[in-house]
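**Q** Contents of target-v4.cif (mmCIF, C-alpha atoms) are given next:
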```cif
data_protein
loop_
_atom_site.label_atom_id
_atom_site.label_comp_id
_atom_site.auth_asym_id
_atom_site.auth_seq_id
_atom_site.Cartn_x
_atom_site.Cartn_y
_atom_site.Cartn_z
CA GLY A 1 15.37 6.11 5.34
CA ALA A 2 11.61 5.86 5.95
CA VAL A 3 11.55 2.41 7.48
CA VAL A 4 8.42 0.99 9.05
CA SER A 5 8.36 -2.19 11.09
CA GLN A 6 5.50 -4.39 12.21
CA HIS A 7 5.31 -6.89 15.01
CA PRO A 8 4.51 -9.69 14.99
CA SER A 9 5.07 -10.81 11.41
CA ARG A 10 2.81 -13.80 11.89
CA VAL A 11 0.32 -14.68 14.59
CA ILE A 12 -2.07 -17.55 15.15
CA CYS A 13 -4.80 -17.19 17.73
CA LYS A 14 -7.95 -18.91 18.87
CA SER A 15 -11.36 -17.60 18.01
CA GLY A 16 -12.62 -15.17 20.63
CA THR A 17 -9.23 -13.90 21.73
CA SER A 18 -7.73 -10.48 21.01
CA VAL A 19 -4.58 -9.80 19.06
CA LYS A 20 -2.44 -6.65 19.05
CA ILE A 21 -0.32 -5.63 16.09
CA GLU A 22 2.33 -2.94 16.43
CA CYS A 23 3.45 -0.56 13.71
CA ARG A 24 6.58 1.50 14.29
CA SER A 25 8.28 4.17 12.24
CA LEU A 26 11.96 3.53 12.90
CA ASP A 27 13.68 6.59 11.46
CA PHE A 28 10.98 9.21 11.17
CA GLN A 29 8.08 10.62 13.12
CA ALA A 30 4.68 9.78 11.77
CA THR A 31 1.78 11.91 12.92
CA THR A 32 -0.37 9.90 10.58
CA MET A 33 -0.31 6.16 10.03
CA PHE A 34 -2.66 4.02 7.99
CA TRP A 35 -3.92 0.49 8.50
CA TYR A 36 -4.80 -1.71 5.56
CA ARG A 37 -6.14 -5.19 5.11
CA GLN A 38 -5.23 -7.31 2.13
CA PHE A 39 -7.12 -10.42 1.07
CA PRO A 40 -5.40 -13.10 -1.03
CA LYS A 41 -4.78 -11.96 -4.58
CA LYS A 42 -6.48 -8.65 -3.86
CA SER A 43 -5.50 -5.06 -3.51
CA LEU A 44 -5.17 -3.18 -0.24
CA MET A 45 -8.27 -2.05 1.55
CA LEU A 46 -7.85 0.98 3.79
CA MET A 47 -9.29 0.27 7.22
CA ALA A 48 -8.48 3.43 9.13
CA THR A 49 -6.32 6.49 9.47
CA SER A 50 -4.45 6.70 12.74
CA ASN A 51 -3.58 10.17 14.02
CA GLU A 52 -1.16 10.71 16.87
CA GLY A 53 -2.91 11.95 19.97
CA SER A 54 -6.42 11.73 18.58
CA LYS A 55 -9.02 9.19 17.62
CA ALA A 56 -8.61 7.14 14.50
CA THR A 57 -10.78 7.74 11.47
CA TYR A 58 -12.37 4.55 10.23
CA GLU A 59 -13.45 3.81 6.69
CA GLN A 60 -17.04 2.99 5.98
CA GLY A 61 -17.91 -0.56 6.93
CA VAL A 62 -15.01 -1.05 9.35
CA GLU A 63 -16.13 -1.77 12.90
CA LYS A 64 -14.31 0.59 15.22
CA ASP A 65 -15.12 -1.50 18.28
CA LYS A 66 -13.64 -4.57 16.69
CA PHE A 67 -10.51 -3.00 15.26
CA LEU A 68 -9.15 -0.76 18.00
CA ILE A 69 -6.45 1.66 16.95
CA ASN A 70 -4.19 3.57 19.30
CA HIS A 71 -1.55 6.07 18.18
CA ALA A 72 0.03 7.05 21.45
CA SER A 73 3.34 8.35 20.14
CA LEU A 74 4.85 9.74 16.96
CA THR A 75 6.49 6.41 16.20
CA LEU A 76 3.96 3.81 17.29
CA SER A 77 0.46 2.85 16.27
CA THR A 78 -1.26 -0.34 17.38
CA LEU A 79 -4.16 -2.27 15.92
CA THR A 80 -6.02 -4.61 18.24
CA VAL A 81 -8.37 -7.13 16.71
CA THR A 82 -10.86 -7.85 19.48
CA SER A 83 -12.78 -11.10 19.81
CA ALA A 84 -11.16 -12.40 16.66
CA HIS A 85 -13.04 -14.75 14.38
CA PRO A 86 -11.83 -16.86 11.45
CA GLU A 87 -13.14 -14.27 9.00
CA ASP A 88 -10.67 -11.78 10.49
CA SER A 89 -7.81 -13.89 9.16
CA SER A 90 -5.93 -11.71 6.73
CA PHE A 91 -2.74 -9.85 5.96
CA TYR A 92 -2.64 -6.53 7.81
CA ILE A 93 -0.28 -3.81 6.60
CA CYS A 94 0.44 -0.42 8.12
CA SER A 95 2.11 2.63 6.67
CA GLY A 96 3.57 5.86 7.95
CA ARG A 97 3.14 9.10 6.06
CA ILE A 98 5.83 11.65 5.22
CA GLY A 99 4.21 14.46 3.31
CA GLU A 100 2.32 12.94 0.42
CA THR A 101 4.14 9.61 0.52
CA GLN A 102 3.29 6.50 2.49
CA TYR A 103 5.97 4.05 3.55
CA PHE A 104 4.76 0.56 4.33
CA GLY A 105 5.58 -2.01 6.92
CA PRO A 106 6.27 -5.65 6.05
CA GLY A 107 2.82 -6.79 7.08
CA THR A 108 1.36 -9.13 9.70
CA ARG A 109 -0.27 -12.41 8.76
CA LEU A 110 -3.13 -13.18 11.15
CA LEU A 111 -4.70 -16.62 11.28
CA VAL A 112 -7.67 -17.15 13.57
CA LEU A 113 -8.54 -20.76 14.29
CA ALA B 1 -13.56 10.97 -5.93
CA GLN B 2 -10.47 9.32 -7.24
CA SER B 3 -9.92 5.92 -8.80
CA VAL B 4 -7.16 3.86 -10.38
CA THR B 5 -7.43 1.26 -13.10
CA GLN B 6 -4.60 -1.09 -13.88
CA LEU B 7 -5.08 -2.74 -17.24
CA GLY B 8 -4.10 -6.36 -17.08
CA SER B 9 -4.07 -8.29 -13.84
CA HIS B 10 -1.25 -10.47 -15.18
CA VAL B 11 1.64 -9.53 -17.44
CA SER B 12 4.22 -12.02 -18.62
CA VAL B 13 7.51 -11.09 -20.27
CA SER B 14 10.77 -12.77 -21.13
CA GLU B 15 13.95 -11.86 -19.33
CA GLY B 16 15.52 -8.93 -21.11
CA ALA B 17 12.27 -7.78 -22.69
CA LEU B 18 10.51 -4.48 -22.16
CA VAL B 19 8.20 -4.25 -19.18
CA LEU B 20 5.06 -2.11 -19.56
CA LEU B 21 2.48 -1.97 -16.79
CA ARG B 22 -0.50 0.26 -17.46
CA CYS B 23 -2.21 2.59 -15.03
CA ASN B 24 -5.00 5.08 -15.63
CA TYR B 25 -6.38 7.30 -12.96
CA SER B 26 -9.32 9.54 -12.27
CA SER B 27 -9.01 12.51 -9.98
CA SER B 28 -10.90 15.76 -9.53
CA VAL B 29 -7.74 17.58 -8.46
CA PRO B 30 -4.12 17.46 -9.64
CA PRO B 31 -3.00 14.03 -8.53
CA TYR B 32 0.05 12.67 -6.88
CA LEU B 33 0.79 9.25 -8.41
CA PHE B 34 2.75 6.32 -7.08
CA TRP B 35 3.96 2.87 -8.08
CA TYR B 36 4.64 0.30 -5.39
CA VAL B 37 5.98 -3.23 -5.68
CA GLN B 38 5.01 -6.11 -3.41
CA TYR B 39 6.92 -9.37 -3.16
CA PRO B 40 5.10 -12.41 -1.73
CA ASN B 41 4.20 -12.09 1.94
CA GLN B 42 5.84 -8.70 2.21
CA GLY B 43 4.73 -5.10 2.50
CA LEU B 44 4.83 -2.55 -0.29
CA GLN B 45 8.00 -0.86 -1.45
CA LEU B 46 7.90 2.52 -3.14
CA LEU B 47 9.24 2.34 -6.69
CA LEU B 48 8.66 5.92 -7.77
CA LYS B 49 6.27 8.83 -7.48
CA TYR B 50 5.09 11.86 -9.39
CA THR B 51 4.08 15.00 -7.54
CA THR B 52 4.94 18.03 -9.62
CA GLY B 53 7.56 19.06 -12.16
CA ALA B 54 9.13 16.69 -14.64
CA THR B 55 6.55 14.28 -15.97
CA LEU B 56 9.04 11.47 -16.56
CA VAL B 57 10.11 10.11 -13.22
CA LYS B 58 12.79 7.57 -12.54
CA GLY B 59 12.66 5.13 -9.70
CA ILE B 60 14.57 2.29 -8.19
CA ASN B 61 15.63 -0.88 -9.97
CA GLY B 62 15.63 0.77 -13.40
CA PHE B 63 11.91 1.54 -13.50
CA GLU B 64 10.44 4.76 -14.76
CA ALA B 65 6.98 6.17 -15.37
CA GLU B 66 5.57 9.07 -17.32
CA PHE B 67 2.68 11.23 -16.18
CA LYS B 68 0.43 12.08 -19.12
CA LYS B 69 -2.32 14.41 -18.01
CA SER B 70 -4.12 14.36 -21.36
CA GLU B 71 -4.36 10.58 -21.21
CA THR B 72 -4.82 10.41 -17.41
CA SER B 73 -2.14 7.75 -17.41
CA PHE B 74 0.94 6.86 -15.41
CA HIS B 75 2.35 3.74 -17.05
CA LEU B 76 5.36 1.98 -15.56
CA THR B 77 8.19 0.80 -17.79
CA LYS B 78 11.54 -0.90 -17.60
CA PRO B 79 13.67 -1.43 -20.71
CA SER B 80 14.94 -4.87 -19.78
CA ALA B 81 13.21 -7.25 -17.39
CA HIS B 82 15.13 -9.20 -14.81
CA MET B 83 14.01 -12.34 -13.05
CA SER B 84 14.04 -10.44 -9.76
CA ASP B 85 11.35 -8.09 -11.12
CA ALA B 86 8.73 -10.81 -10.75
CA ALA B 87 6.29 -9.43 -8.19
CA GLU B 88 2.97 -7.64 -7.91
CA TYR B 89 2.84 -3.97 -8.80
CA PHE B 90 0.33 -1.45 -7.53
CA CYS B 91 -0.44 1.96 -8.94
CA ALA B 92 -1.92 4.47 -6.49
CA VAL B 93 -3.25 8.01 -6.51
CA ASN B 94 -3.26 10.53 -3.72
CA ASP B 95 -5.90 13.21 -3.58
CA ALA B 96 -3.33 15.94 -3.22
CA GLY B 97 -5.63 18.89 -2.98
CA GLY B 98 -8.58 17.41 -1.23
CA THR B 99 -9.55 16.92 2.36
CA SER B 100 -8.27 13.36 2.35
CA TYR B 101 -4.67 14.46 1.92
CA GLY B 102 -2.32 11.55 2.25
CA LYS B 103 -4.92 8.85 1.62
CA LEU B 104 -4.08 6.54 -1.24
CA THR B 105 -6.44 4.84 -3.63
CA PHE B 106 -4.90 1.70 -5.09
CA GLY B 107 -5.41 -0.10 -8.34
CA GLN B 108 -6.16 -3.79 -8.32
CA GLY B 109 -2.55 -4.73 -8.93
CA THR B 110 -0.67 -6.37 -11.78
CA ILE B 111 1.29 -9.55 -11.29
CA LEU B 112 4.44 -9.53 -13.38
CA THR B 113 5.92 -12.85 -14.37
CA VAL B 114 9.37 -13.00 -15.95
CA HIS B 115 10.33 -16.06 -17.98
CA PRO B 116 13.92 -17.15 -18.51
#
```
Take the structure in the file and write it out as structure tokens.

**A**
Amino acid sequence: GAVVSQHPSRVICKSGTSVKIECRSLDFQATTMFWYRQFPKKSLMLMATSNEGSKATYEQGVEKDKFLINHASLTLSTLTVTSAHPEDSSFYICSGRIGETQYFGPGTRLLVL
Amino acid sequence: AQSVTQLGSHVSVSEGALVLLRCNYSSSVPPYLFWYVQYPNQGLQLLLKYTTGATLVKGINGFEAEFKKSETSFHLTKPSAHMSDAAEYFCAVNDAGGTSYGKLTFGQGTILTVHP
């Protein structure tokens, strides 16, 4: 149980375009999902907390207008990287929360050219 | 505020040897503690967690960890390493009693290498 999927697993886009990443809880309902960014050989950096039916809560230093989060249902949260730039290239990981435990998706590798 | 320190960014062991990955935490409230494993280009998989009750917790793949409040530690062990254990391991703490319930603070990670 507690399976989280992400789509796409890898994406390459041109600078200036927008990219949407989906995070789905497959066998549970997640009122809260989290979005992380992971740089090479680094730990996870929490970007935002996504709450179903309400606005996301962004961590300090994360641009809310650049990283748009929508949590329209209990099983789906999306992260849209708007006007992507090469410095946005990274590994993005989401998680769904059950009680005190987070269950993670497989991650999405974004490369912006 | 909570924090996690993993001592040793790289640990190397021989196959069959004891695995010990160290984690110390700081939390102003009783913590919930977690160990996750990450294989290359993959997400994180939950190995084990401590919330309340028994301080020695057993997880998947033969791993276990012991919560020691007096030492503010939650070290991860496995009696006998297997080649498939080679991965990066993250210790994390959850501010169980605070307003940021559910948010995890991660350590910097420890890369485990297993030699034949």

**Q** With only C-alpha atoms as the counted atoms, please give the residues lying no more than 6 Å from segment 44-60 of chain B, apart from itself and same-chain residues fewer than 4 positions off, as a list in words.

**A**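 Here the qualifying residues turn out to be Phe104 of chain A; Tyr32, Leu33, Phe34, Trp35, Tyr36, Val37, Gln38, Glu64, Ala65, Glu66 and Phe67 of chain B.
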
**Q** Hey, list the chain A side of the contact with chain B: 12 Å cut-off, only C-alpha atoms, answer as an mmCIF file with C-alpha atoms, in the frame of the given file.

**A**
```cif
data_model
loop_
_atom_site.group_PDB
_atom_site.id
_atom_site.type_symbol
_atom_site.label_atom_id
_atom_site.label_comp_id
_atom_site.auth_asym_id
_atom_site.auth_seq_id
_atom_site.Cartn_x
_atom_site.Cartn_y
_atom_site.Cartn_z
ATOM 1 C CA GLY A 1 15.370 6.110 5.340
ATOM 2 C CA ALA A 2 11.610 5.860 5.950
ATOM 3 C CA VAL A 3 11.550 2.410 7.480
ATOM 4 C CA VAL A 4 8.420 0.990 9.050
ATOM 5 C CA SER A 5 8.360 -2.190 11.090
ATOM 6 C CA GLN A 6 5.500 -4.390 12.210
ATOM 7 C CA SER A 9 5.070 -10.810 11.410
ATOM 8 C CA ARG A 10 2.810 -13.800 11.890
ATOM 9 C CA ALA A 30 4.680 9.780 11.770
ATOM 10 C CA THR A 31 1.780 11.910 12.920
ATOM 11 C CA THR A 32 -0.370 9.900 10.580
ATOM 12 C CA MET A 33 -0.310 6.160 10.030
ATOM 13 C CA PHE A 34 -2.660 4.020 7.990
ATOM 14 C CA TRP A 35 -3.920 0.490 8.500
ATOM 15 C CA TYR A 36 -4.800 -1.710 5.560
ATOM 16 C CA ARG A 37 -6.140 -5.190 5.110
ATOM 17 C CA GLN A 38 -5.230 -7.310 2.130
ATOM 18 C CA PHE A 39 -7.120 -10.420 1.070
ATOM 19 C CA PRO A 40 -5.400 -13.100 -1.030
ATOM 20 C CA LYS A 41 -4.780 -11.960 -4.580
ATOM 21 C CA LYS A 42 -6.480 -8.650 -3.860
ATOM 22 C CA SER A 43 -5.500 -5.060 -3.510
ATOM 23 C CA LEU A 44 -5.170 -3.180 -0.240
ATOM 24 C CA MET A 45 -8.270 -2.050 1.550
ATOM 25 C CA LEU A 46 -7.850 0.980 3.790
ATOM 26 C CA MET A 47 -9.290 0.270 7.220
ATOM 27 C CA ALA A 48 -8.480 3.430 9.130
ATOM 28 C CA THR A 49 -6.320 6.490 9.470
ATOM 29 C CA SER A 50 -4.450 6.700 12.740
ATOM 30 C CA ASN A 51 -3.580 10.170 14.020
ATOM 31 C CA THR A 57 -10.780 7.740 11.470
ATOM 32 C CA GLU A 59 -13.450 3.810 6.690
ATOM 33 C CA SER A 90 -5.930 -11.710 6.730
ATOM 34 C CA PHE A 91 -2.740 -9.850 5.960
ATOM 35 C CA TYR A 92 -2.640 -6.530 7.810
ATOM 36 C CA ILE A 93 -0.280 -3.810 6.600
ATOM 37 C CA CYS A 94 0.440 -0.420 8.120
ATOM 38 C CA SER A 95 2.110 2.630 6.670
ATOM 39 C CA GLY A 96 3.570 5.860 7.950
ATOM 40 C CA ARG A 97 3.140 9.100 6.060
ATOM 41 C CA ILE A 98 5.830 11.650 5.220
ATOM 42 C CA GLY A 99 4.210 14.460 3.310
ATOM 43 C CA GLU A 100 2.320 12.940 0.420
ATOM 44 C CA THR A 101 4.140 9.610 0.520
ATOM 45 C CA GLN A 102 3.290 6.500 2.490
ATOM 46 C CA TYR A 103 5.970 4.050 3.550
ATOM 47 C CA PHE A 104 4.760 0.560 4.330
ATOM 48 C CA GLY A 105 5.580 -2.010 6.920
ATOM 49 C CA PRO A 106 6.270 -5.650 6.050
ATOM 50 C CA GLY A 107 2.820 -6.790 7.080
ATOM 51 C CA THR A 108 1.360 -9.130 9.700
ATOM 52 C CA ARG A 109 -0.270 -12.410 8.760
ATOM 53 C CA LEU A 110 -3.130 -13.180 11.150
#
```

**Q** Can you work out the spacing between atom CA of Val11 of chain A and atom CA of Leu111 of chain A in Å, to one decimal?

**A** 6.3 Å

**Q** Quick one: apply the PyMOL selection byres ((chain A and resi 54) around 9) to the file and drop the selected residues here as a ChimeraX atom specification.

**A** /A:50-53,55-56,70-72

**Q** Could you jot down the atom CA of Leu26 of chain A to atom CA of Asn61 of chain B separation for me, Å, one decimal place?

**A**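 Result for atom CA of Leu26 of chain A versus atom CA of Asn61 of chain B: 23.6 Å, one decimal.
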
**Q** Rounded to one decimal in Å, what is the spacing between atom CA of Val81 of chain A and atom CA of Ile21 of chain A?

**A**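 We find that atom CA of Val81 of chain A and atom CA of Ile21 of chain A lie 8.2 Å from each other.
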
**Q** Which residue out of A:Pro8, A:Ser77, A:Lys64, A:Ile69 has the minimum interatomic distance to Arg24 of chain A when only C-alpha atoms are used?

**A**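 Closest to Arg24 of chain A of all the choices is A:Ser77.
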
**Q** Apply the PyMOL selection byres ((chain A and resi 15) around 12) to the file shown and report the selected residues as a JSON list (two decimals) with C-alpha atoms, in the frame of the given file.

**A**
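Done, and the output landed in selection-v9.json:
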```json
[["chain", "number", "residue", "atom", "x", "y", "z"],
["A", 12, "ILE", "CA", -2.07, -17.55, 15.15],
["A", 13, "CYS", "CA", -4.80, -17.19, 17.73],
["A", 14, "LYS", "CA", -7.95, -18.91, 18.87],
["A", 16, "GLY", "CA", -12.62, -15.17, 20.63],
["A", 17, "THR", "CA", -9.23, -13.90, 21.73],
["A", 18, "SER", "CA", -7.73, -10.48, 21.01],
["A", 19, "VAL", "CA", -4.58, -9.80, 19.06],
["A", 81, "VAL", "CA", -8.37, -7.13, 16.71],
["A", 82, "THR", "CA", -10.86, -7.85, 19.48],
["A", 83, "SER", "CA", -12.78, -11.10, 19.81],
["A", 84, "ALA", "CA", -11.16, -12.40, 16.66],
["A", 85, "HIS", "CA", -13.04, -14.75, 14.38],
["A", 86, "PRO", "CA", -11.83, -16.86, 11.45],
["A", 87, "GLU", "CA", -13.14, -14.27, 9.00],
["A", 88, "ASP", "CA", -10.67, -11.78, 10.49],
["A", 89, "SER", "CA", -7.81, -13.89, 9.16],
["A", 110, "LEU", "CA", -3.13, -13.18, 11.15],
["A", 111, "LEU", "CA", -4.70, -16.62, 11.28],
["A", 112, "VAL", "CA", -7.67, -17.15, 13.57],
["A", 113, "LEU", "CA", -8.54, -20.76, 14.29]]
```
